[in-house]
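Reading through the structure tokens given below for one structure.
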Protein chains: 2
Amino acid sequence: MDGDGFPLRGLRVLEIGHFVAAPFATRLLADLGADVIKIEPLTGDPVRQWGEQVDGKSIWWSLHGRNKRSLACNLKDPKAIELILRLVRECDAVVENFRPGQLVRLGIGPDVLRRERPDLIIAHISGFGQTGPYRDRAAFGVIGEAIGGLRHLTNQAPGRTDLPPVRVGVSIGDSLAGLYAAFGLVSALWQRDRTAGDAKPRTIDVALTESVLSLMEGMLPEYGRLGKVRQPTGGGIPTAAPTNAYPSADGAYVLIAANSEPLFAKLMGLIGRPDLIGVARFSGNQQRVQNSVELDELIGQWSRRHDSETLIELLTGEDIPNSRVYTAADIAHDPQYRERGMILDVHDEAFDGPILHPGVVPRFGDEPNAIRWPGPAIGAHNEEILRGLLSMDDQEIFVLREKGVIS
Amino acid sequence: MDGDGFPLRGLRVLEIGHFVAAPFATRLLADLGADVIKIEPLTGDPVRQWGEQVDGKSIWWSLHGRNKRSLACNLKDPKAIELILRLVRECDAVVENFRPGQLVRLGIGPDVLRRERPDLIIAHISGFGQTGPYRDRAAFGVIGEAIGGLRHLTNQAPGRTDLPPVRVGVSIGDSLAGLYAAFGLVSALWQRDRTAGDAKPRTIDVALTESVLSLMEGMLPEYGRLGKVRQPTGGGIPTAAPTNAYPSADGAYVLIAANSEPLFAKLMGLIGRPDLIGVARFSGNQQRVQNSVELDELIGQWSRRHDSETLIELLTGEDIPNSRVYTAADIAHDPQYRERGMILDVHDEAFDGPILHPGVVPRFGDEPNAIRWPGPAIGAHNEEILRGLLSMDDQEIFVLREKGVIS
């Protein structure tokens, strides 16, 4: 079963990326066994400064950089460009997320790279894509999420609060773009190799904005057909009721999803309002959606009287789908995640101990994948890569280091 | 360039799915050229009842079902099971999202399917995965998102509101699971075919909860190392300031991301507070993050005095990244999306006219992919599939229809 967890073993990818989107794409590839070589500036990917630090080292990096090899070099030096060009001959694909045109300015544009490797797959990730009137605009995740339509819908219903619409709690636009890039790259790879390698170049052009828009369900078609501008619905779902996050006596929220007839009846029994089963305004999902504010208020009056532990016990006893709103602490101690190998203690010498990682998604076969190694130090694999892939000797590597081309 | 936009041409996938996650996975595959055969009950996938309807037909379905073929049959009839078993011989992969064990109960579990097709790739999508103590629990997207940790972080900062934490405006847990399934499926396919087909079975086991957790950045590692439980930060980013959604005079919000030194200085100039450039509490990103409430208040005082059009003009004039919070209407009229082929009028005979679709992501090559056809009617491809793939004749099809096996 060895090959099962690592279907991408044998794929080699050069990452010329930074921050979130491209490194997330390559983490996905590396998690499934690809050999990812990350090109970093001598000072490292600036994402290494993000989030909590211990002794000047990023904890997130242990995860974000895992299973990849790091080659640190100064891309402003022509000798480093030469290294890239030699390396790309040994690679199937390049993933990059600089501003459109930046690789051309560095002297490693697609044409130059493909002179070395004609069948190279190149995945570009940017804010707005490689073409069009906005292509040169700055690519910030939050802006991609707003232009994709997600920010507008992630909010309380109109008129319920004066606070600004919240951001999804993670860089969702970047992660989605990374997922699409990884999916596109492997699709191109299959096309290339099922015909024993057709030597054609293949290009994937992923925009953050478009990756977000791609997930917006009926929002765009419904606008086009009915002129309906979809509005946010807070904790609820616009098409199903009751389903929301309900307050408890201890200040936590409990999610309840009881939007079918039998589940609704069970819930009304539980909250002591069996008289509401079968009344016209709550009969059928459409009716409940229209009266969901009243319904949520009724459920909330009940839920506020119990602490969250009790609520969960009561709901689970009636087989009504429910959950607490998990924090990092809840996740770390969840038996299902543990059993599935989705919470892993990974030894990281940068921290002289274990770092908690989420496991590899998707899971292949019967066993969860091991994490081969945590995020490496800047340039940790310089020598290994230059010797192993480019057959350089001590002297050549010494010279490159002396001249400040590599670290 | 024909092959470029459709790298998955030649792949055939059987979808035995419903609602969002599995159909989203197969939409991604079909958009890139795969032949997706969707098995539906005679009454259709219940997702056809979701969202806005015109003459009893779902507008979202035009998008959600696009580029797929529909085969409607009654899976409780042994003759339908026989059809599935014959069809699976012609397929590379199956994507399903029923409760774990449901396919086995129907008589089309993995072992049975692989008796017909030994090298079948099977992608399972479920709430909690195919193993572990929670495997049989109901799989609702909102619960997957809560257990993945996303719901907790998508909220105003603690103490800022009594309203429940909002749901991300779309079924993000389902869509993420669909993306991971599509990525895993194509990865397994490459592994199979690069060795000219090794005839091994391959299984992908995607959980909604795990797909969400996989995107949670430093949340879990930081908890493990420091005991820090990450908390929501409303419209802002916990690691960068200023960046938020700011109110305008006309009630709209404008996103501003000015979290570098030069952008911060420009913004302070624009809001008439150049005296704040260089003061200790706003010097450097770390300092600004610590004082972001004060900073957001100052920027908000300025932004409230202008309407959103003016704000965008002023910010763009200074080259400060900004955006309105796009609604469906903004998206439909955006010139970048239009130029990139990301807003498409697709003729849909179910509606006797055009339906607005988002384009195909990721984009391959120079031209956006065409939408081959919109979401089909229930069983629209019954005859085509039974004749073309199973070589059935009129008589056989007539009998199946007479007996209510197919529609």
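Chain labels A, B, ... are given in the sequence in which chains occur in the structure tokens; within each chain residues are numbered consecutively from 1, and ligands are likewise numbered from 1 in the order shown.
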
Checklist entry - What residues in chain A lie within 6 Å of chain B, counting only C-alpha atoms, written as a PyMOL selection string? => result chain A and resi 7+60+132-133+146-147+149+152-155+164-169+183+187-188+190-191+193-194+203-206+218+220-221+224+229+234-235+245+325-328+336+339+355-357+362-365

Item to check | Residues flagged strand (DSSP E) by DSSP in range 8-161 of chain B, as a PyMOL selection string | outcome: chain B and resi 12-16+35-40+53-54+57-58+68-72+93-96+121-126

Restricting the output to N, CA, C and O atoms, write the selected residues as a tab-separated table (two decimals), in the first residue's frame.
chain	number	residue	atom	x	y	z
B	12	ARG	N	-13.70	9.41	-17.54
B	12	ARG	CA	-15.14	9.22	-17.33
B	12	ARG	C	-15.41	8.93	-15.85
B	12	ARG	O	-14.78	8.06	-15.26
B	13	VAL	N	-16.36	9.70	-15.29
B	13	VAL	CA	-16.64	9.64	-13.86
B	13	VAL	C	-18.12	9.39	-13.63
B	13	VAL	O	-18.97	10.04	-14.25
B	14	LEU	N	-18.42	8.46	-12.74
B	14	LEU	CA	-19.79	8.22	-12.33
B	14	LEU	C	-20.02	8.96	-11.01
B	14	LEU	O	-19.30	8.74	-10.04
B	15	GLU	N	-21.00	9.86	-11.01
B	15	GLU	CA	-21.35	10.53	-9.75
B	15	GLU	C	-22.57	9.87	-9.16
B	15	GLU	O	-23.62	9.82	-9.79
B	16	ILE	N	-22.41	9.35	-7.94
B	16	ILE	CA	-23.57	8.84	-7.20
B	16	ILE	C	-23.67	9.77	-5.99
B	16	ILE	O	-23.25	9.44	-4.88
B	35	ASP	N	-16.09	13.39	-18.84
B	35	ASP	CA	-17.46	12.93	-19.09
B	35	ASP	C	-18.02	12.47	-17.75
B	35	ASP	O	-17.62	11.43	-17.23
B	36	VAL	N	-18.90	13.28	-17.17
B	36	VAL	CA	-19.49	12.96	-15.88
B	36	VAL	C	-20.90	12.44	-16.08
B	36	VAL	O	-21.73	13.12	-16.70
B	37	ILE	N	-21.15	11.24	-15.59
B	37	ILE	CA	-22.51	10.68	-15.62
B	37	ILE	C	-23.05	10.75	-14.21
B	37	ILE	O	-22.52	10.12	-13.29
B	38	LYS	N	-24.11	11.55	-14.06
B	38	LYS	CA	-24.70	11.73	-12.74
B	38	LYS	C	-25.89	10.79	-12.60
B	38	LYS	O	-26.82	10.83	-13.41
B	39	ILE	N	-25.83	9.93	-11.59
B	39	ILE	CA	-26.96	9.04	-11.29
B	39	ILE	C	-27.92	9.79	-10.39
B	39	ILE	O	-27.54	10.26	-9.31
B	40	GLU	N	-29.17	9.94	-10.85
B	40	GLU	CA	-30.16	10.67	-10.05
B	40	GLU	C	-31.35	9.77	-9.77
B	40	GLU	O	-31.69	8.92	-10.59
B	53	GLN	N	-36.56	29.41	-7.87
B	53	GLN	CA	-37.12	28.54	-8.91
B	53	GLN	C	-37.88	29.39	-9.94
B	53	GLN	O	-38.50	30.38	-9.58
B	54	VAL	N	-37.83	28.99	-11.18
B	54	VAL	CA	-38.67	29.58	-12.22
B	54	VAL	C	-39.45	28.43	-12.86
B	54	VAL	O	-38.82	27.48	-13.36
B	57	LYS	N	-38.32	25.17	-11.78
B	57	LYS	CA	-36.96	24.73	-12.11
B	57	LYS	C	-35.93	25.62	-11.43
B	57	LYS	O	-36.06	26.85	-11.40
B	58	SER	N	-34.89	24.98	-10.90
B	58	SER	CA	-33.87	25.69	-10.13
B	58	SER	C	-32.90	26.44	-11.04
B	58	SER	O	-32.34	25.86	-11.98
B	68	LYS	N	-22.57	18.03	-17.35
B	68	LYS	CA	-22.71	16.63	-16.91
B	68	LYS	C	-23.85	15.99	-17.68
B	68	LYS	O	-24.74	16.65	-18.18
B	69	ARG	N	-23.85	14.65	-17.70
B	69	ARG	CA	-24.97	13.91	-18.26
B	69	ARG	C	-25.79	13.31	-17.11
B	69	ARG	O	-25.21	12.90	-16.10
B	70	SER	N	-27.09	13.32	-17.26
B	70	SER	CA	-27.95	12.81	-16.20
B	70	SER	C	-28.58	11.49	-16.59
B	70	SER	O	-29.18	11.36	-17.66
B	71	LEU	N	-28.42	10.49	-15.72
B	71	LEU	CA	-29.10	9.21	-15.89
B	71	LEU	C	-30.00	9.01	-14.67
B	71	LEU	O	-29.50	8.92	-13.55
B	72	ALA	N	-31.31	9.03	-14.89
B	72	ALA	CA	-32.24	8.91	-13.77
B	72	ALA	C	-32.71	7.47	-13.65
B	72	ALA	O	-33.19	6.89	-14.62
B	93	ALA	N	-13.68	6.38	-12.51
B	93	ALA	CA	-13.82	6.78	-11.11
B	93	ALA	C	-15.28	6.94	-10.73
B	93	ALA	O	-16.14	7.15	-11.58
B	94	VAL	N	-15.53	6.80	-9.42
B	94	VAL	CA	-16.84	7.09	-8.83
B	94	VAL	C	-16.65	8.16	-7.76
B	94	VAL	O	-15.69	8.12	-7.00
B	95	VAL	N	-17.55	9.15	-7.75
B	95	VAL	CA	-17.58	10.14	-6.67
B	95	VAL	C	-18.92	10.00	-5.97
B	95	VAL	O	-19.96	10.04	-6.63
B	96	GLU	N	-18.89	9.84	-4.64
B	96	GLU	CA	-20.16	9.69	-3.91
B	96	GLU	C	-20.12	10.44	-2.59
B	96	GLU	O	-19.05	10.65	-2.02
B	121	ILE	N	-11.13	4.13	-9.25
B	121	ILE	CA	-10.81	5.13	-8.23
B	121	ILE	C	-12.14	5.53	-7.58
B	121	ILE	O	-13.09	5.86	-8.28
B	122	ILE	N	-12.21	5.45	-6.26
B	122	ILE	CA	-13.44	5.84	-5.57
B	122	ILE	C	-13.15	7.00	-4.63
B	122	ILE	O	-12.25	6.91	-3.79
B	123	ALA	N	-13.87	8.09	-4.82
B	123	ALA	CA	-13.75	9.24	-3.92
B	123	ALA	C	-15.01	9.32	-3.07
B	123	ALA	O	-16.10	9.55	-3.58
B	124	HIS	N	-14.84	9.09	-1.77
B	124	HIS	CA	-15.94	9.23	-0.81
B	124	HIS	C	-15.88	10.62	-0.18
B	124	HIS	O	-14.81	11.07	0.23
B	125	ILE	N	-17.03	11.27	-0.08
B	125	ILE	CA	-17.10	12.54	0.66
B	125	ILE	C	-18.17	12.37	1.74
B	125	ILE	O	-19.26	11.89	1.46
B	126	SER	N	-17.82	12.74	2.95
B	126	SER	CA	-18.78	12.63	4.05
B	126	SER	C	-18.48	13.69	5.10
B	126	SER	O	-17.49	14.42	4.99

Item to check | Sel. of helix (DSSP H, G or I) residues, range 133-327 of chain A, as a PyMOL selection string | outcome: chain A and resi 141-147+150-153+172-194+208-213+219-226+261-270+274-276+280-282+285-290+292-303+308-317

Item to check | All residues 10 Å or closer to range 74-88 of chain A, only C-alpha atoms, same chain fewer than 5 positions away omitted, as a ChimeraX atom specification | outcome: /A:12-14,16,37,39-43,93-94,106-108,112-117,120,385-386,389-390,400,403-407

Export, as a JSON list (two decimals), in the first residue's frame, the selected residues with C-alpha atoms.
[["chain", "number", "residue", "atom", "x", "y", "z"],
["A", 12, "ARG", "CA", 8.85, 17.50, -9.09],
["A", 13, "VAL", "CA", 7.63, 21.08, -8.69],
["A", 14, "LEU", "CA", 9.55, 24.34, -8.44],
["A", 16, "ILE", "CA", 8.71, 30.52, -6.99],
["A", 37, "ILE", "CA", 11.62, 22.81, -4.26],
["A", 39, "ILE", "CA", 12.94, 29.09, -4.09],
["A", 40, "GLU", "CA", 13.32, 31.64, -1.29],
["A", 41, "PRO", "CA", 15.15, 34.93, -1.00],
["A", 42, "LEU", "CA", 18.17, 34.82, 1.30],
["A", 43, "THR", "CA", 16.03, 36.45, 3.99],
["A", 93, "ALA", "CA", 6.00, 22.18, -13.14],
["A", 94, "VAL", "CA", 6.45, 25.68, -11.74],
["A", 106, "LEU", "CA", 13.56, 38.72, -13.42],
["A", 107, "GLY", "CA", 14.57, 36.93, -16.62],
["A", 108, "ILE", "CA", 12.66, 33.73, -15.87],
["A", 112, "VAL", "CA", 12.83, 31.38, -21.04],
["A", 113, "LEU", "CA", 11.83, 28.55, -18.72],
["A", 114, "ARG", "CA", 10.43, 26.51, -21.61],
["A", 115, "ARG", "CA", 13.61, 26.89, -23.60],
["A", 116, "GLU", "CA", 15.05, 24.63, -20.88],
["A", 117, "ARG", "CA", 12.02, 22.44, -20.44],
["A", 120, "LEU", "CA", 6.87, 22.59, -18.47],
["A", 385, "ILE", "CA", 19.62, 20.08, -4.20],
["A", 386, "LEU", "CA", 22.70, 21.49, -5.89],
["A", 389, "LEU", "CA", 20.04, 17.50, -8.97],
["A", 390, "LEU", "CA", 22.73, 19.66, -10.55],
["A", 400, "LEU", "CA", 28.20, 30.46, -5.05],
["A", 403, "LYS", "CA", 29.51, 35.48, -3.90],
["A", 404, "GLY", "CA", 26.25, 35.66, -1.97],
["A", 405, "VAL", "CA", 24.28, 33.85, -4.67],
["A", 406, "ILE", "CA", 23.05, 31.26, -2.17],
["A", 407, "SER", "CA", 22.99, 31.24, 1.62]]

Checklist outcome for this item: Using only C-alpha atoms, the best pick from A:Asp394, A:Gly269, A:Ser248, A:Ala30 as closest to Ser303 in chain A would be A:Ser248

Which residues are near Phe19 in chain B? Cut-off 7 Å, only C-alpha atoms, ignore same chain within fewer than 5 positions. Put them as a CSV table (one decimal) with N, CA, C and O atoms, in the first residue's frame.
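That gives us around-v9.csv:
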chain,number,residue,atom,x,y,z
B,45,ASP,N,-32.1,14.9,-8.1
B,45,ASP,CA,-31.3,15.3,-7.0
B,45,ASP,C,-32.1,16.4,-6.2
B,45,ASP,O,-32.6,17.4,-6.8
B,46,PRO,N,-32.3,16.2,-4.9
B,46,PRO,CA,-33.1,17.2,-4.1
B,46,PRO,C,-32.5,18.6,-4.1
B,46,PRO,O,-33.2,19.5,-3.8
B,47,VAL,N,-31.2,18.7,-4.5
B,47,VAL,CA,-30.6,20.1,-4.6
B,47,VAL,C,-31.4,20.9,-5.7
B,47,VAL,O,-31.3,22.1,-5.7

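CA of Gly127 in chain A lies 26.4 Å from CA of Ile271 in chain B.
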
Checklist entry - If you measure from CA of Asp31 in chain B to CA of His347 in chain B, what distance in Å do you get, rounded to one decimal? => result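 For CA of Asp31 in chain B relative to CA of His347 in chain B, the distance reads 16.3 Å.
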